[in-house]
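Asker: Please find one structure pasted underneath; my questions will follow.
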Amino acid sequence: MKKVITYGTYDLLHQGHINLLQRAKALGDYLIVGVTNDNFDRERGKLNVINNVLERVEAVKATGLADKIIIEDYFGQKIDDIQKYDIDVFAIGSDWEGEFDYLGEYCEVVYLPRTQGISSTMLRSEKHKRVRTGVVGCGLIAKRFVPEAEFVSGIEIAGVYDIDSTVGNSFAKNAGIGKIYESFDEMLCDVDAVYIATPHLSHYQYSKSAINAGKHVLCEIPLVLKKAQAEELYSLADEKGVILMEANKTAHSPAFNHLMVMIKSGAIGEVVDIEASLSRLLPDRTRREFDPAQAGGSMYESAVYPLLPIFRLLGTEYTDMYIYSRMENGVDIYTKGVLRYPKAVCSFKIGLGVKTEGNLVISGTKGYAYVQAPWWKTDYFELRYEDQNRNKKFFYKWDGEGLRYEIQEWISCIVNKRHGSTRLTRAESIAMAGAMQQFTERKNFSEI
């Protein structure tokens, strides 16, 4: 039996894909089709894929051309698969001419002619209009957002608005954006969605106004500082049929998500302890981060990051949380939180004026996971065990500022009309707002 293998994303499966599969099938007696998984696509910079891996596998299966379908998870897998399945012919589209010649050492390599005039990229452009997005607030994070959005298909930066017109004009000029809105209401009349990067205390009103206007919202962290406000906004988004998402870049990191899946699958046994730290030394005390009138301080600035792995792995229904903070001029320059669960205990440390090791350690009954600083930009982690021979290291790509991952997920939710993201659920977002509220109300709080 002559075995043939081919690979592809097969997004929005079209006649060109079918023709290619038919040509590959004709090269032998048995065809194996490798379909890239979602994380692998993101690692390769493919942030515009519309169908998820399950949908794409079903589409390939429906053609009836594949004798076997496998998932492509990692770079270098093609060699492993060729040897594993005793492959005679590796087939791929001619647009990859020369790229896979190295596989000739293991089997015959054939570059197949592609069907002209059709591609997934063309279909995405025709089928899905670009989401016209307005940027609200022209500070440091917004400066990162605009160039990151260029790596994501389906989004168009329509213009910017800032309460300070001088800041808005300067931002638009430097970012190459032509449209500067004179008011938020004017922006809402002209866009499909808004990205909110304003000071914390304005998030609620901007988000609510946008949702009421039927616009999708991506709001910077923290979404809001009160649990009831978060619940209200998500409920309102459901009512209006729009997507509301909190812009937590770590939640959408490919490496972080793979780590969470592995731990949930039992890689280190039952989780009994999580320690997460994140700190910065900001010497300029005149910055917004140190202004209590603008909700400055470590908790409001950073707590959503260490709370993310805790809520993701142990859920949002913790027994209690105790908070210990060092205060200066009305803001916490350092905070330690301890969360207790029925069968686990977790802690986090965050600081703006105190420096600590910024790592993540997740302890289980069979081993532990270690993510070195800065863990919130996860591109590498280790699973460690009593028997050190079992230790494993995992490496991933972290492209640019990382915002492209959250932007891609937000646009994907909008285009595919998904209720919300599984990478940062509304329950987790609401629980984070609840933690902020507990700090505000100084419940279970001690000053150190």
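FYI, nothing fancy with the structure tokens labels: chains A, B, ... in order, residues from 1 per chain, ligands from 1 as they appear.
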Counting only C-alpha atoms, what is within 10 Å of Thr440 of chain A, bar same-chain residues fewer than 5 positions away, as a short mmCIF file (atom, residue, chain, number, x, y, z; two decimals) with N, CA, C and O atoms, in the first residue's frame?
Answerer:
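The result, written out as out.cif:
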data_model
loop_
_atom_site.label_atom_id
_atom_site.label_comp_id
_atom_site.auth_asym_id
_atom_site.auth_seq_id
_atom_site.Cartn_x
_atom_site.Cartn_y
_atom_site.Cartn_z
N LEU A 225 -14.48 47.91 38.87
CA LEU A 225 -14.01 47.68 40.23
C LEU A 225 -15.12 47.21 41.16
O LEU A 225 -14.90 47.10 42.37
N LYS A 226 -16.29 46.94 40.60
CA LYS A 226 -17.41 46.45 41.40
C LYS A 226 -18.05 45.24 40.71
O LYS A 226 -18.28 45.26 39.50
N ALA A 295 -7.91 55.64 41.05
CA ALA A 295 -7.87 54.21 41.36
C ALA A 295 -6.48 53.63 41.09
O ALA A 295 -6.33 52.59 40.46
N MET A 299 -3.16 46.79 43.52
CA MET A 299 -4.32 45.89 43.37
C MET A 299 -5.09 46.21 42.10
O MET A 299 -5.35 45.33 41.27
N TYR A 300 -5.44 47.47 41.92
CA TYR A 300 -6.22 47.85 40.74
C TYR A 300 -5.41 47.71 39.45
O TYR A 300 -5.95 47.40 38.40
N GLY A 434 -15.08 41.40 41.63
CA GLY A 434 -15.44 41.18 43.03
C GLY A 434 -14.25 41.29 43.95
O GLY A 434 -14.35 41.82 45.07
N ALA A 435 -13.09 40.82 43.50
CA ALA A 435 -11.86 40.94 44.30
C ALA A 435 -11.47 42.41 44.45
O ALA A 435 -11.02 42.84 45.52
N PHE A 445 -9.02 42.87 55.34
CA PHE A 445 -7.85 43.66 54.93
C PHE A 445 -7.01 44.02 56.14
O PHE A 445 -7.54 44.36 57.20
#
Asker: Residues at most 8 Å from Gly337 of chain A, counting only C-alpha atoms, excluding those fewer than 3 positions away in the same chain, as a ChimeraX atom specification?
Answerer: /A:321-324,347-349
Asker: Fewer than 6 positions away in the same chain doesn't count, so skip those; otherwise give me all residues within 9 Å of Ser302 of chain A, counting only C-alpha atoms, as a list in words.
Answerer: Ile221, Pro222, Leu278, Ser279, Ile350 and Gly351 of chain A
Asker: Take the residues from that selection and put them in a file with C-alpha atoms, as a PDB file, in the first residue's frame.
Answerer:
ATOM      1  CA  ILE A 221      -7.988  45.734  32.697  1.00  0.00           C
ATOM      2  CA  PRO A 222      -9.547  45.958  35.153  1.00  0.00           C
ATOM      3  CA  LEU A 278       4.059  40.455  39.565  1.00  0.00           C
ATOM      4  CA  SER A 279       5.779  43.718  40.471  1.00  0.00           C
ATOM      5  CA  ILE A 350       1.857  42.521  43.434  1.00  0.00           C
ATOM      6  CA  GLY A 351       3.760  45.761  43.747  1.00  0.00           C
TER       7      GLY A 351
END
Asker: Would you give me, as number ranges by chain, the residues in segment 103-274 of chain A that DSSP reads as strand (DSSP E)?
Answerer: A: 108-112, 131-136, 155-161, 193-196, 216-220, 244-247, 271-274
Asker: So which residues touch Pro147 of chain A within 10 Å, counting only C-alpha atoms, skipping near sequence neighbours fewer than 4 positions away, as a list in words?
Answerer: Ala142, Lys143, Phe151, Val152, Ala175, Gly400, Glu401, Leu403 and Arg404 of chain A
Asker: Using only C-alpha atoms, which of A:Ala210, A:Cys219, A:Ile18, A:Val415 sits nearest Asn248 of chain A?
Answerer: A:Cys219
Asker: Which residues come within 9 Å of segment 261-263 of chain A, counting only C-alpha atoms, excluding same-chain residues fewer than 6 positions away, as a short mmCIF file (atom, residue, chain, number, x, y, z; two decimals) with N, CA and C atoms, in the first residue's frame?
Answerer:
data_model
loop_
_atom_site.label_atom_id
_atom_site.label_comp_id
_atom_site.auth_asym_id
_atom_site.auth_seq_id
_atom_site.Cartn_x
_atom_site.Cartn_y
_atom_site.Cartn_z
N GLY A 269 -1.15 16.25 38.79
CA GLY A 269 -2.06 15.75 39.80
C GLY A 269 -3.07 16.81 40.22
N GLU A 270 -3.56 16.72 41.44
CA GLU A 270 -4.53 17.68 41.96
C GLU A 270 -3.81 18.94 42.43
N VAL A 271 -4.29 20.09 42.00
CA VAL A 271 -3.67 21.35 42.38
C VAL A 271 -4.03 21.68 43.83
N LEU A 313 -7.85 27.56 37.30
CA LEU A 313 -7.59 26.19 37.75
C LEU A 313 -8.45 25.75 38.92
N ILE A 362 2.80 26.41 40.42
CA ILE A 362 1.54 25.69 40.63
C ILE A 362 1.89 24.31 41.17
N GLY A 364 1.15 20.54 42.74
CA GLY A 364 0.15 19.48 42.68
C GLY A 364 0.61 18.24 43.43
N ALA A 369 4.30 22.93 38.35
CA ALA A 369 4.62 23.71 37.16
C ALA A 369 5.34 24.97 37.59
#
Asker: Using DSSP on the backbone coordinates, identify the residues of segment 140-362 of chain A assigned to alpha helix (DSSP H); present them as a PyMOL selection string.
Answerer: chain A and resi 140-149+165-175+184-188+203-212+227-240+254-264+298-302+304-314
